[in-house]
Amino acid sequence: MYQHYIALEWSQSNMVVARMSAKSERIEVKAWPAEVKILQDYLGQLKNRIILTFEESYCSQWLYTELKDCVAELIICDPYRNHLLKEGPKTDRIDAKKLVRLLRAGLLKPVYHSGEAFIYLRRMVRGYSSLVKASTRLKNQRTALFYQNGKKPNVDQLHGSSDLFVLEGIDRTLDIFDAEKERYGAEFKRLSSKHLVVRRLKSLPGIGDIGAVKIAALVVDPRRFPTRNHFLSYCGLVSHERLSGDRSYGKKKPRYCRALKEVFKTAAHTTIGGGKRNSMRNYFIRLTEEDRLPEYHASHKVCRRIATLALGLLKSQDKYDPNRRSLVNQHP
């Protein structure tokens, strides 16, 4: 089948489009103002099958929504892996030519994007994460302000007028952040009651409203992970061994989703450290007392078990039942 391979370089002021066919090495390059209507008209004029690619960026989700119906296949690629674009001179035209060659050769690593169903959840999670990071940065600044004066936070008092002025501004901003966190918390609670998939995830030990919304928003479609190990790798809960010439050179962490790892690590810590017995705490006790595993390794196994169960619930569309073995018959 005749195919058009098209690579797009998009900026705030202009866009560059590079096109190749399956049978020719010739690359056609066009440059226009950055208007999506112009690009849609150009794609509509082309016949046969169109495969379009552009790199992950701040506007990739918007472009995905606008262009997905104009092409047969749309690949949003990971710029971290496109090392060919780093060599030699760099312009939009040169990058577009290199990108379309990588596309035709099948060497691009796609970044997952979804349609409109989970956009609201994903933006809520992103906004909350940014709020938490900003709040943490301010709290660190507040602590540093005390330490640089030889004082202990929440124990001693500052006396310098300039330090007191700065401290007052930080405390005032932190109060605003706390109010915003409560507003986000109320919205997460509403979302957990509205979405069935979030309510199912909340049935897992250690997973609350915020954690359940994060899992649903970041995973979206569990079928994109062929196996459990692919999902654990995406969550940063496994390491990859480096082998060459039948010799091991140790292990390394994959590039992973830090938000998901945080959710499952927090869930494991909550279930293990809680006063009440639950299936995860019983599992942890068995690992430490019967199998004689160190607490760190046992805790990591609990974390991977919760992640495996979350993937199983997303696939089975059922609630967690600690007495049911089908979801955990191959626990890590």
# chains A, B, ... in the order shown; residues from 1 in each chain; ligands from 1
call {"tool": "closest_atom_pairs", "arguments": {"of": "stretch 54-165 of chain A", "to": "stretch 252-271 of chain A", "cutoff": "10 Å", "atoms": "only C-alpha atoms", "output": "CSV"}}
result
residue,atom,partner,partner_atom,distance
A:Val125,CA,A:Ala259,CA,9.3
A:Arg126,CA,A:Ala259,CA,9.7
A:Ser129,CA,A:Ala259,CA,8.4
call {"tool": "write_last_selection", "arguments": {"atoms": "C-alpha atoms", "output": "PDB file, in the first residue's frame"}}
result
ATOM      1  CA  VAL A 125      -3.237  14.981  38.494  1.00  0.00           C
ATOM      2  CA  ARG A 126      -0.726  17.242  36.755  1.00  0.00           C
ATOM      3  CA  SER A 129       1.539  17.382  41.394  1.00  0.00           C
TER       4      SER A 129
END
call {"tool": "closest_atom_pairs", "arguments": {"of": "stretch 52-161 of chain A", "to": "stretch 203-213 of chain A", "cutoff": "10 Å", "atoms": "only C-alpha atoms", "output": "JSON lines"}}
result
{"residue": "A:Leu121", "atom": "CA", "partner": "A:Val213", "partner_atom": "CA", "distance": 7.0}
{"residue": "A:Arg122", "atom": "CA", "partner": "A:Val213", "partner_atom": "CA", "distance": 8.6}
{"residue": "A:Met124", "atom": "CA", "partner": "A:Val213", "partner_atom": "CA", "distance": 8.9}
{"residue": "A:Val125", "atom": "CA", "partner": "A:Val213", "partner_atom": "CA", "distance": 7.6}
{"residue": "A:Tyr128", "atom": "CA", "partner": "A:Ile210", "partner_atom": "CA", "distance": 9.4}
call {"tool": "residues_around", "arguments": {"residues": "A:Asn48", "least_positions_apart": "2", "cutoff": "8 Å", "atoms": "only C-alpha atoms", "output": "PyMOL selection string"}}
result
chain A and resi 1-4+46+50
call {"tool": "residues_around", "arguments": {"residues": "A:His113", "least_positions_apart": "6", "cutoff": "8 Å", "atoms": "only C-alpha atoms", "output": "PDB file with N, CA and C atoms, in the first residue's frame"}}
result
ATOM      1  N   GLN A  61      -0.486  17.013  23.209  1.00  0.00           N
ATOM      2  CA  GLN A  61      -1.843  16.505  23.439  1.00  0.00           C
ATOM      3  C   GLN A  61      -2.859  17.269  22.597  1.00  0.00           C
ATOM      4  N   TYR A  64      -2.435  16.143  19.059  1.00  0.00           N
ATOM      5  CA  TYR A  64      -2.989  14.796  18.937  1.00  0.00           C
ATOM      6  C   TYR A  64      -4.505  14.848  18.751  1.00  0.00           C
ATOM      7  N   ILE A  76       3.392   9.989  18.385  1.00  0.00           N
ATOM      8  CA  ILE A  76       4.063  11.035  19.160  1.00  0.00           C
ATOM      9  C   ILE A  76       5.291  10.385  19.773  1.00  0.00           C
TER      10      ILE A  76
END
call {"tool": "select_by_dssp", "arguments": {"residues": "stretch 96-164 of chain A", "states": "helix (DSSP H, G or I)", "output": "MDAnalysis selection string"}}
result
chainID A and resid 96:105 119:147 161:164
call {"tool": "write_last_selection", "arguments": {"atoms": "N, CA and C atoms", "output": "compact mmCIF listing (two decimals), in the first residue's frame"}}
result
# COMPACT_ATOMS: atom_id res chain seq x y z
N ALA A 96 13.22 18.00 10.89
CA ALA A 96 12.07 17.36 10.24
C ALA A 96 12.53 16.29 9.25
N LYS A 97 13.61 16.57 8.50
CA LYS A 97 14.14 15.57 7.55
C LYS A 97 14.65 14.33 8.29
N LYS A 98 15.38 14.54 9.37
CA LYS A 98 15.89 13.41 10.13
C LYS A 98 14.75 12.62 10.76
N LEU A 99 13.75 13.32 11.24
CA LEU A 99 12.64 12.65 11.92
C LEU A 99 11.83 11.80 10.95
N VAL A 100 11.63 12.28 9.73
CA VAL A 100 10.85 11.50 8.77
C VAL A 100 11.64 10.25 8.33
N ARG A 101 12.98 10.33 8.31
CA ARG A 101 13.77 9.14 8.01
C ARG A 101 13.63 8.10 9.13
N LEU A 102 13.67 8.56 10.37
CA LEU A 102 13.48 7.65 11.50
C LEU A 102 12.09 7.02 11.47
N LEU A 103 11.10 7.80 11.06
CA LEU A 103 9.73 7.28 10.97
C LEU A 103 9.63 6.18 9.93
N ARG A 104 10.17 6.43 8.75
CA ARG A 104 10.07 5.42 7.68
C ARG A 104 10.85 4.16 8.03
N ALA A 105 11.93 4.30 8.79
CA ALA A 105 12.72 3.13 9.18
C ALA A 105 12.12 2.39 10.37
N ILE A 119 -8.78 13.05 29.85
CA ILE A 119 -8.03 14.30 29.82
C ILE A 119 -8.23 15.08 31.12
N TYR A 120 -9.46 15.14 31.61
CA TYR A 120 -9.73 15.90 32.84
C TYR A 120 -8.98 15.30 34.01
N LEU A 121 -9.00 13.97 34.13
CA LEU A 121 -8.27 13.32 35.22
C LEU A 121 -6.78 13.60 35.12
N ARG A 122 -6.23 13.52 33.93
CA ARG A 122 -4.79 13.71 33.75
C ARG A 122 -4.39 15.15 34.10
N ARG A 123 -5.21 16.11 33.72
CA ARG A 123 -4.89 17.51 34.03
C ARG A 123 -5.04 17.80 35.52
N MET A 124 -5.99 17.15 36.16
CA MET A 124 -6.13 17.29 37.61
C MET A 124 -4.90 16.74 38.31
N VAL A 125 -4.42 15.59 37.88
CA VAL A 125 -3.24 14.98 38.49
C VAL A 125 -2.02 15.85 38.26
N ARG A 126 -1.87 16.38 37.05
CA ARG A 126 -0.73 17.24 36.76
C ARG A 126 -0.77 18.52 37.59
N GLY A 127 -1.95 19.12 37.72
CA GLY A 127 -2.07 20.34 38.52
C GLY A 127 -1.78 20.09 39.99
N TYR A 128 -2.26 18.96 40.51
CA TYR A 128 -2.02 18.65 41.92
C TYR A 128 -0.53 18.37 42.16
N SER A 129 0.11 17.67 41.25
CA SER A 129 1.54 17.38 41.39
C SER A 129 2.36 18.67 41.39
N SER A 130 2.01 19.60 40.51
CA SER A 130 2.72 20.89 40.48
C SER A 130 2.51 21.65 41.78
N LEU A 131 1.30 21.58 42.33
CA LEU A 131 1.01 22.25 43.59
C LEU A 131 1.83 21.67 44.73
N VAL A 132 1.93 20.35 44.79
CA VAL A 132 2.69 19.69 45.85
C VAL A 132 4.18 20.03 45.74
N LYS A 133 4.70 20.05 44.51
CA LYS A 133 6.12 20.39 44.32
C LYS A 133 6.41 21.81 44.77
N ALA A 134 5.52 22.75 44.41
CA ALA A 134 5.72 24.14 44.81
C ALA A 134 5.63 24.29 46.32
N SER A 135 4.69 23.58 46.92
CA SER A 135 4.54 23.63 48.38
C SER A 135 5.77 23.05 49.08
N THR A 136 6.29 21.94 48.56
CA THR A 136 7.49 21.33 49.15
C THR A 136 8.70 22.26 49.03
N ARG A 137 8.82 22.92 47.89
CA ARG A 137 9.94 23.85 47.70
C ARG A 137 9.87 25.00 48.71
N LEU A 138 8.66 25.51 48.96
CA LEU A 138 8.52 26.60 49.93
C LEU A 138 8.82 26.13 51.35
N LYS A 139 8.40 24.93 51.68
CA LYS A 139 8.68 24.40 53.01
C LYS A 139 10.18 24.22 53.22
N ASN A 140 10.88 23.80 52.18
CA ASN A 140 12.34 23.68 52.27
C ASN A 140 12.99 25.05 52.45
N GLN A 141 12.46 26.05 51.75
CA GLN A 141 12.99 27.40 51.91
C GLN A 141 12.75 27.92 53.33
N ARG A 142 11.59 27.59 53.88
CA ARG A 142 11.28 28.02 55.25
C ARG A 142 12.24 27.37 56.25
N THR A 143 12.50 26.08 56.07
CA THR A 143 13.43 25.37 56.96
C THR A 143 14.84 25.94 56.84
N ALA A 144 15.26 26.21 55.59
CA ALA A 144 16.60 26.77 55.37
C ALA A 144 16.74 28.14 56.01
N LEU A 145 15.66 28.92 56.03
CA LEU A 145 15.69 30.24 56.64
C LEU A 145 16.02 30.15 58.13
N PHE A 146 15.49 29.15 58.79
CA PHE A 146 15.79 28.95 60.21
C PHE A 146 17.22 28.46 60.41
N TYR A 147 17.62 27.49 59.58
CA TYR A 147 18.94 26.89 59.75
C TYR A 147 20.07 27.89 59.50
N SER A 161 14.56 41.64 61.11
CA SER A 161 13.38 42.19 60.43
C SER A 161 13.25 41.63 59.01
N SER A 162 14.40 41.49 58.33
CA SER A 162 14.33 40.96 56.96
C SER A 162 13.90 39.49 56.96
N ASP A 163 14.42 38.71 57.91
CA ASP A 163 14.04 37.30 57.99
C ASP A 163 12.57 37.15 58.35
N LEU A 164 12.10 37.98 59.25
CA LEU A 164 10.69 37.92 59.63
C LEU A 164 9.78 38.30 58.47
call {"tool": "closest_residue", "arguments": {"among": "A:Ile75, A:Val302, A:Ser21, A:Gly169", "to": "A:Leu237", "atoms": "only C-alpha atoms"}}
result
A:Val302
call {"tool": "atom_distance", "arguments": {"atom1": "atom CA of A:Val238", "atom2": "atom CA of A:Leu311"}}
result
15.3 Å
call {"tool": "residues_around", "arguments": {"residues": "A:Val220", "least_positions_apart": "6", "cutoff": "9 Å", "atoms": "only C-alpha atoms", "output": "JSON, numbers by chain"}}
result
{"A": [114, 117, 118, 314]}
call {"tool": "select_by_dssp", "arguments": {"residues": "stretch 213-328 of chain A", "states": "strand (DSSP E or B)", "output": "list in words"}}
result
His240, Glu241, Arg242, Leu243, Ser244, Arg247, Ser248, Tyr249, Gly250, Lys251 and Lys252 of chain A
call {"tool": "write_last_selection", "arguments": {"atoms": "C-alpha atoms", "output": "short mmCIF file (atom, residue, chain, number, x, y, z; two decimals), in the first residue's frame"}}
result
data_model
loop_
_atom_site.label_atom_id
_atom_site.label_comp_id
_atom_site.auth_asym_id
_atom_site.auth_seq_id
_atom_site.Cartn_x
_atom_site.Cartn_y
_atom_site.Cartn_z
CA HIS A 240 16.96 -4.45 33.90
CA GLU A 241 20.05 -6.62 33.85
CA ARG A 242 22.87 -5.62 31.49
CA LEU A 243 24.39 -8.66 29.75
CA SER A 244 27.15 -8.80 27.15
CA ARG A 247 28.75 -11.57 31.43
CA SER A 248 26.57 -9.49 33.73
CA TYR A 249 27.41 -5.82 34.17
CA GLY A 250 24.88 -5.19 36.91
CA LYS A 251 21.39 -3.76 36.69
CA LYS A 252 19.97 -0.40 35.81
#
call {"tool": "closest_residue", "arguments": {"among": "A:Gly245, A:Gly106, A:Pro222, A:Gly160", "to": "A:Ala310", "atoms": "only C-alpha atoms"}}
result
A:Pro222
call {"tool": "closest_residue", "arguments": {"among": "A:Lys37, A:Arg199, A:Arg93, A:Arg281", "to": "A:Arg305", "atoms": "only C-alpha atoms"}}
result
A:Arg281
call {"tool": "residues_around", "arguments": {"residues": "A:Ala34", "least_positions_apart": "4", "cutoff": "7 Å", "atoms": "only C-alpha atoms", "output": "list of chain:residue names"}}
result
A:Trp10, A:Ser11, A:Gln12, A:Ser13, A:Asn14, A:Met15
call {"tool": "write_last_selection", "arguments": {"atoms": "N, CA and C atoms", "output": "CSV table (one decimal), in the first residue's frame"}}
result
chain,number,residue,atom,x,y,z
A,10,TRP,N,6.9,21.7,15.2
A,10,TRP,CA,6.0,22.7,15.5
A,10,TRP,C,6.6,23.7,16.5
A,11,SER,N,6.5,25.0,16.3
A,11,SER,CA,6.9,26.0,17.2
A,11,SER,C,5.8,27.0,17.4
A,12,GLN,N,6.0,28.0,18.2
A,12,GLN,CA,4.9,29.0,18.4
A,12,GLN,C,4.6,29.9,17.2
A,13,SER,N,5.6,30.1,16.4
A,13,SER,CA,5.5,31.0,15.2
A,13,SER,C,5.3,30.3,13.9
A,14,ASN,N,5.9,29.1,13.7
A,14,ASN,CA,5.8,28.4,12.4
A,14,ASN,C,5.9,26.9,12.6
A,15,MET,N,5.7,26.2,11.5
A,15,MET,CA,5.8,24.8,11.5
A,15,MET,C,6.5,24.4,10.2
